[in-house]
Amino acid sequence: MNKIGLIISREYLTRVRKKSFIIMTIIGPLLFAALIILPTWLASQDGEQKVIEVLDESGAFQDKFQDTESVSFRYITGDLESAKERVPNETTFGLLYIPVIEVDDPTGISLYTLSNPSIVIVKTIKRTIENELEEIKLTRSGIDKETLASLKSDISVDTISLSTSGEEKASSSGAASVAGYLGSFLIYFFIFYYGAQIMRGVIEEKTNRILEVIISSVRPMQLMLGKIIGVAAVGLTQFVLWVMLTFAISSLVASVFGIEASASAQMGTQAQDVPMGEIDNIMSSLTSLNFPVIIGVFLFYFLGGYLMYGALFAAVGSAVDSDADSQQFMFPITIPLIFSIVVLGAVLKDPDGSLAFWMSMIPLTSPVVMMMRTPFGVPEWQLALSMLLLIGGFLFTSWVAGRIYRVGILMHGTKVNYKTLAKWFVLKN
Amino acid sequence: MELLITKNISKSYAAHQALDDVSISIPEQTIFGLLGPNGAGKTTLIRIITQIITHDTGEVIFNGQPMTLKLTEQIGYLPEERGLYKKMKVGEQLLYLARLKGLNRSDAVKRIKAWFKKLDISAWWDKNIEDLSKGMQQKVQFVATVLHEPKLIILDEPFSGFDPVNANVIKDEILELREKGATIIFSTHRMESVEELCDHIAMINKSKKILDGSKKDIKDSFKTNTYIVEHDQKIELANGSFVIDQQEQIDEEHYQSQVKILNGHTSNDLLSALIPTSQIISFKEKIPSINDIFISHVKSQDHE
């Protein structure tokens, strides 16, 4: 095995075996899965039907409250004080009190419960009362339901993207934005998190004083590239494990608790107003995203951006003696990254505008910005040019970083500023 | 035959001349002492030999060929500033370093086990470096340096961090390695170990080589034909053949004198001149220590 391979495998194995890696790998998917599952799970927790007693003094809402899956209504009579003493109790969840109200100024409606009612219940009650009042007002104005329905018109705009081949495709800017944001943030996170790991690795070797032993066997450049590639492999491993585990855990939990069934049932009740055609539209626009291209572009910029920044992080690590000293050099490296996240909103508004174009060409910002643009479709020549520039950027930064690194790793206790870095850079071999 | 020759090596950093025309040649299977005060340029010379940095002018010849990175696989280097990966296990770490030197896995494992047995540290294989004491770490580091059976072993202050017992263990290992055919460069400013171990020495001061040769030749050339005599009476040597440099009473009945023999006379002449005047207790030639030579050289250069 050649030496750079040995370095890569050491960097990879020692990191993958670390407790922190294993914990991150397990906790990450648990968090993601929780994010996916928890909302539906919480919603399904109201599954037990709750009984609410209704004391309607106005008399306008008799039999208007419809029982749903989660709540049923029972009408009672009497005065409020005795009803309040009697309910709520173990069998009834709460007491809904509706006083005699003015249609134009409905005040004093109260829901008495022991435990906090869920949003769904409150919404159900609110909607029912509002609908009823609306109807009363309509009747008062002499408009009946049918007239109203005939007045409303339902319009939906289908967005269709034209490809150069003249083919028409349903597109959804919503789905594209989500894919763009997700990819951009993953790249951003990956560069930062694993870039910092490279830097810490270099500082560790420097403070451990093992560097001189190693570079008497290999060239500094080999050591630097070996570290960068080894850490990249760790990042990819973690990413792949996260995707697989998230998928496995969420589908496992879902099947065990049967959440999917009840969740979709609930979705069904809520989505009753939505015509089926619209759901089909969303599905077809999701499939209209060119996933092979998006995933390919993602992997390219994921790795390309990381490699380019990784070299810079390695150079910073070589120049300083401790994590704390690295701040002054980290700043200019992180600025373009943070800037590219900041402009994502503007890029999203106009994915083909000149801001988006230039920022997706400059190698320091292109990984994040191009990822945002890709789901909206980017001309092939732009993609190719941007990729070429990124490769060039990587070669350039690793050349610069290598020149600083080879000197920096042998320096201890020197106060380093930008002038020193420049001196190291021009120093002949 | 010379294993390593440096010819007219010069190296300068921006404003600072680190090495100025340094030529040394190191015979095979010897221990070569590289001496000099801190900052003289020893480490720079070693880094040039190990190809960590490049030199401006001159040549490094290893085993008859110009030095290359591939040839450094035959060098074992123990830097002065040394350390290991703290969170890595001892065995794995040695395996990694040995394989970086071009050893294959099974050979490396075999040799590590042999060394562990020899130094009685077999139980350490699965320990993390950070769990070992400083001296134990130094032992592991020494093993890492010699594991790939290098032709040339470069030790920069090898005994720092060792207690006297372990320093002796390492000293014996160094001598044994020489017996087995290795050549050792031994860089230090601690002269007692030089006196004990080295066959050849070179002194570097202020970027320049100021002295080199075999230890014996150097010491001989610094002899002043002076003898140290212990005796029980005060002595006076009136004739012109000897000069008493110094005479002192070391206790009630003993005196010690340093007597220089002038040209054309021998130690036996001195003895026959002394015998009638006093009882002789001891008589030996004054041989300058490497330490004296070193200090006098560095000082005389500082005064220039």
# chains A, B, ... in the order shown; residues from 1 in each chain; ligands from 1
$ interface_residues --of "chain A" --to "chain B" --cutoff "6 Å" --atoms "only C-alpha atoms" --output "VMD selection string"
chain A and resid 3 208 to 210 216 to 217
$ write_last_selection --atoms "N, CA, C and O atoms" --output "PDB file, in the first residue's frame"
ATOM      1  N   LYS A   3       2.080   5.195   0.624  1.00  0.00           N
ATOM      2  CA  LYS A   3       2.065   5.894   1.910  1.00  0.00           C
ATOM      3  C   LYS A   3       0.857   6.783   2.101  1.00  0.00           C
ATOM      4  O   LYS A   3       0.325   6.883   3.196  1.00  0.00           O
ATOM      5  N   ASN A 208       1.534  17.485  19.482  1.00  0.00           N
ATOM      6  CA  ASN A 208       2.051  16.177  19.902  1.00  0.00           C
ATOM      7  C   ASN A 208       3.503  15.986  19.520  1.00  0.00           C
ATOM      8  O   ASN A 208       4.149  15.057  19.967  1.00  0.00           O
ATOM      9  N   ARG A 209       3.978  16.795  18.621  1.00  0.00           N
ATOM     10  CA  ARG A 209       5.356  16.706  18.124  1.00  0.00           C
ATOM     11  C   ARG A 209       5.612  15.396  17.390  1.00  0.00           C
ATOM     12  O   ARG A 209       6.716  14.888  17.413  1.00  0.00           O
ATOM     13  N   ILE A 210       4.556  14.869  16.766  1.00  0.00           N
ATOM     14  CA  ILE A 210       4.811  13.640  16.004  1.00  0.00           C
ATOM     15  C   ILE A 210       5.132  13.994  14.558  1.00  0.00           C
ATOM     16  O   ILE A 210       5.655  13.180  13.803  1.00  0.00           O
ATOM     17  N   SER A 216       9.693  12.698   8.235  1.00  0.00           N
ATOM     18  CA  SER A 216      10.956  12.100   7.817  1.00  0.00           C
ATOM     19  C   SER A 216      10.682  10.846   6.997  1.00  0.00           C
ATOM     20  O   SER A 216      11.587  10.228   6.473  1.00  0.00           O
ATOM     21  N   SER A 217       9.385  10.452   6.887  1.00  0.00           N
ATOM     22  CA  SER A 217       9.026   9.317   6.034  1.00  0.00           C
ATOM     23  C   SER A 217       8.237   9.730   4.800  1.00  0.00           C
ATOM     24  O   SER A 217       8.317   9.082   3.772  1.00  0.00           O
TER      25      SER A 217
END
$ residues_around --residues "stretch 106-123 of chain A" --least-positions-apart "2" --cutoff "6 Å" --atoms "only C-alpha atoms" --output "list in words"
Gly94, Leu95, Leu96, Tyr97, Ile98, Ile101, Glu102, Val103, Ile125, Lys126 and Arg127 of chain A
$ write_last_selection --atoms "all heavy atoms" --output "mmCIF file, in the first residue's frame"
data_model
loop_
_atom_site.group_PDB
_atom_site.id
_atom_site.type_symbol
_atom_site.label_atom_id
_atom_site.label_comp_id
_atom_site.auth_asym_id
_atom_site.auth_seq_id
_atom_site.Cartn_x
_atom_site.Cartn_y
_atom_site.Cartn_z
ATOM 1 N N GLY A 94 -64.097 18.521 29.335
ATOM 2 C CA GLY A 94 -64.226 19.946 29.579
ATOM 3 C C GLY A 94 -65.655 20.444 29.457
ATOM 4 O O GLY A 94 -66.578 19.693 29.110
ATOM 5 N N LEU A 95 -65.818 21.707 29.735
ATOM 6 C CA LEU A 95 -67.131 22.340 29.653
ATOM 7 C C LEU A 95 -67.022 23.548 28.739
ATOM 8 O O LEU A 95 -66.207 24.449 28.964
ATOM 9 C CB LEU A 95 -67.570 22.786 31.051
ATOM 10 C CG LEU A 95 -68.815 23.670 31.113
ATOM 11 C CD1 LEU A 95 -70.071 22.879 30.705
ATOM 12 C CD2 LEU A 95 -68.971 24.272 32.492
ATOM 13 N N LEU A 96 -67.851 23.557 27.689
ATOM 14 C CA LEU A 96 -67.866 24.704 26.789
ATOM 15 C C LEU A 96 -69.070 25.561 27.150
ATOM 16 O O LEU A 96 -70.207 25.084 27.136
ATOM 17 C CB LEU A 96 -67.953 24.231 25.332
ATOM 18 C CG LEU A 96 -68.071 25.340 24.293
ATOM 19 C CD1 LEU A 96 -66.823 26.197 24.259
ATOM 20 C CD2 LEU A 96 -68.349 24.749 22.918
ATOM 21 N N TYR A 97 -68.823 26.790 27.488
ATOM 22 C CA TYR A 97 -69.919 27.671 27.915
ATOM 23 C C TYR A 97 -70.124 28.757 26.877
ATOM 24 O O TYR A 97 -69.213 29.504 26.529
ATOM 25 C CB TYR A 97 -69.565 28.286 29.279
ATOM 26 C CG TYR A 97 -70.515 29.372 29.700
ATOM 27 C CD1 TYR A 97 -71.866 29.057 29.958
ATOM 28 C CD2 TYR A 97 -70.086 30.680 29.831
ATOM 29 C CE1 TYR A 97 -72.739 30.051 30.351
ATOM 30 C CE2 TYR A 97 -70.964 31.676 30.215
ATOM 31 C CZ TYR A 97 -72.301 31.361 30.467
ATOM 32 O OH TYR A 97 -73.166 32.368 30.843
ATOM 33 N N ILE A 98 -71.358 28.801 26.350
ATOM 34 C CA ILE A 98 -71.669 29.853 25.383
ATOM 35 C C ILE A 98 -72.799 30.700 25.971
ATOM 36 O O ILE A 98 -73.932 30.238 26.093
ATOM 37 C CB ILE A 98 -72.105 29.268 24.027
ATOM 38 C CG1 ILE A 98 -71.037 28.281 23.527
ATOM 39 C CG2 ILE A 98 -72.341 30.381 23.005
ATOM 40 C CD1 ILE A 98 -71.456 27.520 22.300
ATOM 41 N N ILE A 101 -75.220 35.683 23.192
ATOM 42 C CA ILE A 101 -74.253 36.587 22.553
ATOM 43 C C ILE A 101 -74.876 37.407 21.450
ATOM 44 O O ILE A 101 -75.873 37.025 20.852
ATOM 45 C CB ILE A 101 -73.056 35.799 21.966
ATOM 46 C CG1 ILE A 101 -73.553 34.600 21.143
ATOM 47 C CG2 ILE A 101 -72.077 35.397 23.040
ATOM 48 C CD1 ILE A 101 -72.483 33.950 20.331
ATOM 49 N N GLU A 102 -74.268 38.538 21.218
ATOM 50 C CA GLU A 102 -74.603 39.377 20.077
ATOM 51 C C GLU A 102 -73.908 38.779 18.870
ATOM 52 O O GLU A 102 -72.735 38.403 18.942
ATOM 53 C CB GLU A 102 -74.044 40.792 20.304
ATOM 54 C CG GLU A 102 -74.799 41.614 21.324
ATOM 55 C CD GLU A 102 -76.136 42.096 20.791
ATOM 56 O OE1 GLU A 102 -76.139 42.577 19.629
ATOM 57 O OE2 GLU A 102 -77.141 41.956 21.504
ATOM 58 N N VAL A 103 -74.595 38.701 17.754
ATOM 59 C CA VAL A 103 -73.968 38.145 16.551
ATOM 60 C C VAL A 103 -72.766 39.003 16.127
ATOM 61 O O VAL A 103 -71.745 38.493 15.683
ATOM 62 C CB VAL A 103 -74.994 38.054 15.408
ATOM 63 C CG1 VAL A 103 -74.317 37.641 14.113
ATOM 64 C CG2 VAL A 103 -76.085 37.073 15.774
ATOM 65 N N ILE A 125 -63.673 23.816 17.742
ATOM 66 C CA ILE A 125 -64.731 24.592 18.380
ATOM 67 C C ILE A 125 -64.832 25.973 17.745
ATOM 68 O O ILE A 125 -65.908 26.445 17.375
ATOM 69 C CB ILE A 125 -64.453 24.718 19.895
ATOM 70 C CG1 ILE A 125 -64.584 23.342 20.537
ATOM 71 C CG2 ILE A 125 -65.402 25.717 20.540
ATOM 72 C CD1 ILE A 125 -64.109 23.293 21.972
ATOM 73 N N LYS A 126 -63.672 26.607 17.566
ATOM 74 C CA LYS A 126 -63.650 27.945 17.016
ATOM 75 C C LYS A 126 -64.274 27.978 15.629
ATOM 76 O O LYS A 126 -65.118 28.811 15.319
ATOM 77 C CB LYS A 126 -62.178 28.419 16.922
ATOM 78 C CG LYS A 126 -61.921 29.721 17.659
ATOM 79 C CD LYS A 126 -60.493 30.179 17.456
ATOM 80 C CE LYS A 126 -60.525 31.390 16.555
ATOM 81 N NZ LYS A 126 -59.221 31.866 16.174
ATOM 82 N N ARG A 127 -63.836 27.000 14.816
ATOM 83 C CA ARG A 127 -64.307 26.988 13.433
ATOM 84 C C ARG A 127 -65.827 26.808 13.386
ATOM 85 O O ARG A 127 -66.525 27.472 12.615
ATOM 86 C CB ARG A 127 -63.596 25.887 12.646
ATOM 87 C CG ARG A 127 -63.479 26.241 11.167
ATOM 88 C CD ARG A 127 -63.002 25.067 10.333
ATOM 89 N NE ARG A 127 -61.754 24.473 10.801
ATOM 90 C CZ ARG A 127 -61.589 23.161 11.017
ATOM 91 N NH1 ARG A 127 -62.584 22.326 10.810
ATOM 92 N NH2 ARG A 127 -60.426 22.702 11.423
#
$ closest_residue --among "B:Ser221, B:Ser272, B:Gln279, B:Thr44" --to "B:Ile293" --atoms "only C-alpha atoms"
B:Ser221
$ atom_distance --atom1 "atom CA of B:Val229" --atom2 "atom CA of B:His297"
26.8 Å
$ select_by_dssp --residues "stretch 13-211 of chain A" --states "strand (DSSP E)" --output "ChimeraX atom specification"
/A:50-56,71-76,94-98,110-113,160-162,168-170
$ residues_around --residues "B:Asp126" --least-positions-apart "3" --cutoff "8 Å" --atoms "only C-alpha atoms" --output "list of chain:residue names"
B:Lys89, B:Val90, B:Gly91, B:Ala123
$ closest_residue --among "B:Gly58, B:Gly39, B:Pro158, B:Gly33" --to "B:Asp21" --atoms "only C-alpha atoms"
B:Gly58
$ select_by_dssp --residues "stretch 130-261 of chain B" --states "helix (DSSP H, G or I)" --output "count of residues only"
45
$ residues_around --residues "B:His254" --least-positions-apart "5" --cutoff "9 Å" --atoms "only C-alpha atoms" --output "VMD selection string"
chain B and resid 230 to 234 248 to 249 281
$ atom_distance --atom1 "atom CA of A:Tyr75" --atom2 "atom CA of A:Asp144"
27.6 Å
$ residues_around --residues "B:Thr277" --least-positions-apart "3" --cutoff "8 Å" --atoms "only C-alpha atoms" --output "number ranges by chain"
B: 233, 235, 273-274
$ atom_distance --atom1 "atom CA of B:Lys151" --atom2 "atom CA of B:Thr183"
6.1 Å
$ residues_around --residues "stretch 230-236 of chain A" --least-positions-apart "3" --cutoff "8 Å" --atoms "only C-alpha atoms" --output "list in words"
Ile7, Ile8, Ser9, Arg10, Glu11, Tyr12, Arg15, Val16, Phe190, Tyr194, Gln197, Ile198, Gly226, Lys227, Phe239, Val240, Leu303, Tyr306 and Leu307 of chain A
$ decode --residues "stretch 62-147 of chain B" --atoms "C-alpha atoms" --output "compact mmCIF listing (two decimals), in the first residue's frame"
# COMPACT_ATOMS: atom_id res chain seq x y z
CA PHE B 62 24.06 8.26 1.33
CA ASN B 63 25.68 4.89 0.77
CA GLY B 64 27.35 6.17 -2.39
CA GLN B 65 24.20 7.71 -3.93
CA PRO B 66 22.71 11.18 -3.77
CA MET B 67 20.06 11.30 -1.06
CA THR B 68 16.42 10.84 -2.10
CA LEU B 69 13.13 10.49 -0.25
CA LYS B 70 13.10 6.77 -1.03
CA LEU B 71 16.48 6.36 0.66
CA THR B 72 15.14 7.93 3.86
CA GLU B 73 13.37 4.62 4.45
CA GLN B 74 16.80 3.41 5.54
CA ILE B 75 17.02 6.16 8.14
CA GLY B 76 15.53 6.07 11.60
CA TYR B 77 15.10 9.52 13.07
CA LEU B 78 14.38 10.38 16.68
CA PRO B 79 13.83 14.15 16.74
CA GLU B 80 14.57 16.22 19.80
CA GLU B 81 11.01 17.50 19.85
CA ARG B 82 9.24 14.19 19.71
CA GLY B 83 5.89 12.73 20.48
CA LEU B 84 3.29 10.23 19.40
CA TYR B 85 -0.44 10.26 18.75
CA LYS B 86 -1.82 10.39 22.27
CA LYS B 87 -5.10 8.65 21.56
CA MET B 88 -3.64 5.82 19.53
CA LYS B 89 -2.78 2.40 20.87
CA VAL B 90 0.92 1.60 21.24
CA GLY B 91 0.88 -1.41 18.91
CA GLU B 92 -1.15 0.27 16.18
CA GLN B 93 0.98 3.35 16.33
CA LEU B 94 4.23 1.44 15.90
CA LEU B 95 2.66 -0.53 13.08
CA TYR B 96 1.64 2.67 11.33
CA LEU B 97 5.06 4.30 11.67
CA ALA B 98 6.84 1.14 10.52
CA ARG B 99 4.64 0.84 7.46
CA LEU B 100 5.25 4.47 6.59
CA LYS B 101 8.89 3.42 6.45
CA GLY B 102 8.00 0.80 3.87
CA LEU B 103 7.72 -2.31 6.03
CA ASN B 104 4.91 -4.73 5.25
CA ARG B 105 2.34 -5.54 7.86
CA SER B 106 3.39 -9.02 8.93
CA ASP B 107 7.09 -8.15 9.17
CA ALA B 108 6.25 -5.07 11.20
CA VAL B 109 4.09 -7.03 13.65
CA LYS B 110 6.83 -9.63 14.09
CA ARG B 111 9.47 -7.01 14.80
CA ILE B 112 7.31 -5.00 17.17
CA LYS B 113 6.62 -8.16 19.18
CA ALA B 114 10.34 -8.99 19.29
CA TRP B 115 11.18 -5.51 20.56
CA PHE B 116 8.40 -5.59 23.14
CA LYS B 117 9.76 -8.83 24.46
CA LYS B 118 13.27 -7.49 24.54
CA LEU B 119 12.36 -4.34 26.44
CA ASP B 120 9.86 -6.24 28.58
CA ILE B 121 6.90 -4.09 27.57
CA SER B 122 4.67 -6.72 25.90
CA ALA B 123 1.69 -5.72 28.04
CA TRP B 124 1.58 -2.28 26.42
CA TRP B 125 0.28 -3.26 22.99
CA ASP B 126 -3.31 -2.19 23.63
CA LYS B 127 -2.58 0.76 25.85
CA ASN B 128 -3.16 4.30 24.69
CA ILE B 129 -0.01 6.39 24.54
CA GLU B 130 -1.55 8.97 26.86
CA ASP B 131 -1.85 6.32 29.58
CA LEU B 132 1.93 5.74 29.64
CA SER B 133 4.43 7.69 31.71
CA LYS B 134 6.86 10.03 29.98
CA GLY B 135 9.71 7.54 30.24
CA MET B 136 7.55 4.73 28.89
CA GLN B 137 6.55 6.90 25.94
CA GLN B 138 10.22 7.53 25.23
CA LYS B 139 10.83 3.80 25.10
CA VAL B 140 8.03 3.35 22.60
CA GLN B 141 9.43 6.23 20.61
CA PHE B 142 12.86 4.62 20.55
CA VAL B 143 11.36 1.37 19.27
CA ALA B 144 9.56 3.34 16.56
CA THR B 145 12.87 4.81 15.46
CA VAL B 146 14.73 1.53 15.03
CA LEU B 147 11.90 -0.83 14.13
